[in-house]
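K.L.:
Pasting in a structure now, in structure tokens, and then I'll have a few things to ask.
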Amino acid sequence: MTRSTRFVTLAVGAMLVACAKPAAAPAPESASDDIVAGRAPTGGTLIVNARVIDGTGAPSRVTSVRIIGDRIADIGDLRQRQGETVVVGTGLVLAPGFIDDHSHADGAIFEHRDALADVSQGITTVVVGQDGSSVYPLADFFAHVQREPAAVNVASYVGHGTVRDLVLGKDYKRVATPAEVLKMQTLVDQEMRAGALGLSSGLEYDPGIYSDPSEVLALAKTAAAQGGRYISHMRSEDFAFWKALDELITIGRENHMPVQVSHIKLAMKASWGLGDSLIHVLDRARESGVQVTADIYPYTYWHSGMSVLFPHRDFDNRKSAAFALSEVAPADGLLLANYGPNPEYDGKTLADVAKMRNVDDTTALIDLLHASEEAAAKGDTAHEDNSIMATSMDERDVAKLMAWPWAAFCTDGELDGSHPRGFGTFPRLLGRYVREQQIMPLEEAIRKATSLAATNVGIPYRGQITVGSYADLVLFNPETIIDRATPTEPHLTSTGIRRVWVNGAAVYDGEKATGALPGRVIKRVEAAPRIRPHP
């Protein structure tokens, strides 16, 4: 994405000076009253005879689950109580609601509060503020979400690129001074106190690509001081991948903090087939004490801005362009998702456009990028966009990395985006990879989509079906669940999802969003709220 569209600011003003006062530390996430045995229910939901997969990786079992208020009140051989709604789960799987460890739902959360893209695939919690881009200030964003809640829960990181953009402004194509790093640390501290889960970075993007590793290390240390985590779209996912991975692991080791590789991939032909080598590096880091994890989506093509194909930002360099097309994204596998300077190109490949313009692929790539850069330089935001979907990964590597025990699942998608992952990720995973390809047992896939995802980003009491946990649940048919979204029809909802609950309220009924908006803000907490189990 272009620099002007990647960072959202709600208020800037005089807060950017180094003396900005940190906000007060957040209170733990609010919780309903403890569930007490014998309390007469007022309504509630009873899901009976479902195949419960609890999110821990344990074998499934056929049983019933009771919801009272926003919590799971009981599990076992249960009978309907007066006033309860009964949902028959015969032949269906009941799992914890899926947690999207890497989401861009913050881009349109207030325009699409029903979050159809998410709830229709079983997602109940989204983790935003990704790739170094977060809404600023988070305190205002969280307050807005509380005033106008969505159908899903929302947690956020603070973005490295956002605070860098605030401090350096237009003069961002350089290494920050020590004084500027201190200003950024002040802002990170402020956002952590507002409830950020940690620091995110997008080091292939402007302005993060110009940062020195010492800058990122320092800001991550500030997040770590408050129990935060670090999640990163690394400096390279192709030609300099291994060096970029080493930077992330070093941050984890030096700061003694959990670190996560965003949408992990081997996105260059020369790296295809090295999935085992990558897992070996990650495992060795974990054995040495670094809490490194990853998230991943089940597609071989990514969605981003055209500039990422030029890591040195040498847009006129034909050798760089030719390398990108030969090793990273072939012209016939590079789809223009949204091309502002000429919308006629939307949905066409670069190879198609080159033929239309009667030029070679390399020239077409350089010319298209220049046109959008010129629009950006003129402040023409309506015509600067050049988002692309590029096929860069090998299917065998994707499956291998998905099966790594510490890799959770994510969409990296938007509520109204052009990539089908925004609507199809989790049903695609469960239908194509688990049921059809059998790359892992269903119980393991659910663990990685729920409790592992929650653990990796530090969210308590979600991601498991246990008494006292929040009632974020998805009921689906394991024999029919499948994605339907495609690059040409990215907003097609999936099949097989029967019902979704968030904080005990039904938000999806198998065909449409219900209109309920029970989602909450989830903030980083020092200690999880006390929950008394129901006997």
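Please note that chains go A, B, ... in the order of the structure tokens, that every chain numbers its residues from 1, and that ligands are numbered from 1 in the order shown.
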Excluding Ala407 in chain A and any residue of its chain fewer than 5 positions from it, enumerate the residues within 7 Å of it, using only C-alpha atoms, and give them as a list in words.

P.N.:
Thr293, Ala294, Asp295, Ile296, Met402 and Lys448 of chain A

K.L.:
Next, write the just-selected residues to a file, as a CSV table (one decimal), in the first residue's frame, keeping N, CA, C and O atoms as the atom set.

P.N.:
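Written out: again35.csv:
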chain,number,residue,atom,x,y,z
A,293,THR,N,6.8,-17.4,17.2
A,293,THR,CA,5.7,-18.0,16.6
A,293,THR,C,5.4,-17.4,15.2
A,293,THR,O,6.2,-16.6,14.7
A,294,ALA,N,4.3,-17.9,14.6
A,294,ALA,CA,4.0,-17.4,13.2
A,294,ALA,C,2.5,-17.4,13.0
A,294,ALA,O,1.8,-18.0,13.8
A,295,ASP,N,2.0,-16.6,12.1
A,295,ASP,CA,0.7,-16.8,11.5
A,295,ASP,C,0.8,-17.0,10.0
A,295,ASP,O,1.8,-16.6,9.4
A,296,ILE,N,-0.3,-17.6,9.5
A,296,ILE,CA,-0.2,-18.0,8.0
A,296,ILE,C,-1.6,-18.1,7.5
A,296,ILE,O,-2.5,-18.4,8.2
A,402,MET,N,2.0,-24.4,7.4
A,402,MET,CA,0.7,-24.4,8.2
A,402,MET,C,0.7,-25.5,9.2
A,402,MET,O,0.1,-25.3,10.3
A,448,LYS,N,-5.0,-24.6,16.5
A,448,LYS,CA,-4.2,-23.5,15.9
A,448,LYS,C,-5.0,-22.3,15.5
A,448,LYS,O,-4.5,-21.2,15.5

K.L.:
Skip Pro330 in chain A itself and residues of its chain fewer than 6 positions away, then list as a list in words all residues within 10 Å of it, counting only C-alpha atoms.

P.N.:
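Answer for this query is Ala322, Phe323, Ala324, Thr349, Leu350, Ala351, Asp361, Ala390, Thr391 and Ser392 of chain A.
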
K.L.:
Could you find all residues in range 48-273 of chain A that DSSP calls strand (DSSP E or B) from the backbone, and write them as a PyMOL selection string?

P.N.:
chain A and resi 48-52+61-68+71-76+85-88+93-96+98-100+123-128+136+153-156+158-159+198-202+229-233+259-261

K.L.:
Selection from above, C-alpha atoms, as a PDB file, in the first residue's frame, can you write it?

P.N.:
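Contents of part05.pdb, freshly written:
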ATOM      1  CA  VAL A  48     -27.124 -30.046  22.382  1.00  0.00           C
ATOM      2  CA  ASN A  49     -25.569 -33.178  20.907  1.00  0.00           C
ATOM      3  CA  ALA A  50     -22.707 -31.386  19.123  1.00  0.00           C
ATOM      4  CA  ARG A  51     -19.259 -32.793  18.444  1.00  0.00           C
ATOM      5  CA  VAL A  52     -17.318 -30.452  20.694  1.00  0.00           C
ATOM      6  CA  ARG A  61     -16.585 -35.597  22.180  1.00  0.00           C
ATOM      7  CA  VAL A  62     -20.323 -35.432  21.667  1.00  0.00           C
ATOM      8  CA  THR A  63     -21.832 -33.336  24.437  1.00  0.00           C
ATOM      9  CA  SER A  64     -23.883 -30.216  25.179  1.00  0.00           C
ATOM     10  CA  VAL A  65     -22.853 -26.656  26.042  1.00  0.00           C
ATOM     11  CA  ARG A  66     -24.863 -24.067  27.948  1.00  0.00           C
ATOM     12  CA  ILE A  67     -24.414 -20.315  27.476  1.00  0.00           C
ATOM     13  CA  ILE A  68     -25.586 -17.852  30.131  1.00  0.00           C
ATOM     14  CA  ARG A  71     -20.039 -17.021  29.261  1.00  0.00           C
ATOM     15  CA  ILE A  72     -19.969 -20.757  28.863  1.00  0.00           C
ATOM     16  CA  ALA A  73     -21.895 -21.881  31.946  1.00  0.00           C
ATOM     17  CA  ASP A  74     -21.838 -25.659  31.694  1.00  0.00           C
ATOM     18  CA  ILE A  75     -20.652 -28.577  29.558  1.00  0.00           C
ATOM     19  CA  GLY A  76     -21.983 -32.124  29.732  1.00  0.00           C
ATOM     20  CA  THR A  85     -33.093 -21.419  23.298  1.00  0.00           C
ATOM     21  CA  VAL A  86     -32.058 -24.895  22.140  1.00  0.00           C
ATOM     22  CA  VAL A  87     -29.767 -25.374  19.143  1.00  0.00           C
ATOM     23  CA  VAL A  88     -29.404 -28.958  17.903  1.00  0.00           C
ATOM     24  CA  VAL A  93     -18.786 -29.490  15.169  1.00  0.00           C
ATOM     25  CA  LEU A  94     -18.897 -26.885  17.928  1.00  0.00           C
ATOM     26  CA  ALA A  95     -15.563 -25.100  18.304  1.00  0.00           C
ATOM     27  CA  PRO A  96     -14.282 -21.929  19.922  1.00  0.00           C
ATOM     28  CA  PHE A  98     -11.737 -18.473  15.389  1.00  0.00           C
ATOM     29  CA  ILE A  99      -9.210 -15.793  16.294  1.00  0.00           C
ATOM     30  CA  ASP A 100      -7.711 -13.904  13.370  1.00  0.00           C
ATOM     31  CA  ILE A 123     -14.133 -15.495  13.192  1.00  0.00           C
ATOM     32  CA  THR A 124     -15.128 -13.953  16.525  1.00  0.00           C
ATOM     33  CA  THR A 125     -11.998 -11.924  17.409  1.00  0.00           C
ATOM     34  CA  VAL A 126      -9.750  -9.844  15.145  1.00  0.00           C
ATOM     35  CA  VAL A 127      -6.268  -8.588  15.976  1.00  0.00           C
ATOM     36  CA  VAL A 128      -5.586  -5.359  14.095  1.00  0.00           C
ATOM     37  CA  TYR A 136      -3.791   6.623  16.387  1.00  0.00           C
ATOM     38  CA  ASN A 153     -14.116  -8.519  19.355  1.00  0.00           C
ATOM     39  CA  VAL A 154     -11.217  -6.199  18.500  1.00  0.00           C
ATOM     40  CA  ALA A 155      -7.657  -6.116  19.847  1.00  0.00           C
ATOM     41  CA  SER A 156      -4.819  -4.028  18.427  1.00  0.00           C
ATOM     42  CA  VAL A 158       0.591  -0.191  18.044  1.00  0.00           C
ATOM     43  CA  GLY A 159       2.245   0.273  14.660  1.00  0.00           C
ATOM     44  CA  GLY A 198       2.520  -4.921  21.654  1.00  0.00           C
ATOM     45  CA  LEU A 199       4.406  -3.459  18.696  1.00  0.00           C
ATOM     46  CA  SER A 200       3.825  -4.374  15.062  1.00  0.00           C
ATOM     47  CA  SER A 201       6.095  -3.530  12.157  1.00  0.00           C
ATOM     48  CA  GLY A 202       5.835  -3.520   8.391  1.00  0.00           C
ATOM     49  CA  ARG A 229       4.810  -8.614  22.153  1.00  0.00           C
ATOM     50  CA  TYR A 230       6.353  -7.970  18.758  1.00  0.00           C
ATOM     51  CA  ILE A 231       4.769  -9.019  15.472  1.00  0.00           C
ATOM     52  CA  SER A 232       6.362  -8.246  12.135  1.00  0.00           C
ATOM     53  CA  HIS A 233       5.868  -8.171   8.419  1.00  0.00           C
ATOM     54  CA  VAL A 259       7.921 -12.444  18.628  1.00  0.00           C
ATOM     55  CA  GLN A 260       5.738 -13.487  15.711  1.00  0.00           C
ATOM     56  CA  VAL A 261       6.356 -13.719  11.960  1.00  0.00           C
TER      57      VAL A 261
END

K.L.:
Just the helix (DSSP H, G or I) stuff from range 152-226 of chain A, please, per backbone DSSP, written as a ChimeraX atom specification.

P.N.:
/A:160-168,178-193,208-210,213-224

K.L.:
From the options A:Tyr470, A:Trp501, A:Phe241, A:Tyr339, which residue's atoms come nearest to Ala513 in chain A, counting only C-alpha atoms?

P.N.:
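Between A:Tyr470, A:Trp501, A:Phe241, A:Tyr339, the residue approaching Ala513 in chain A most closely is A:Trp501.
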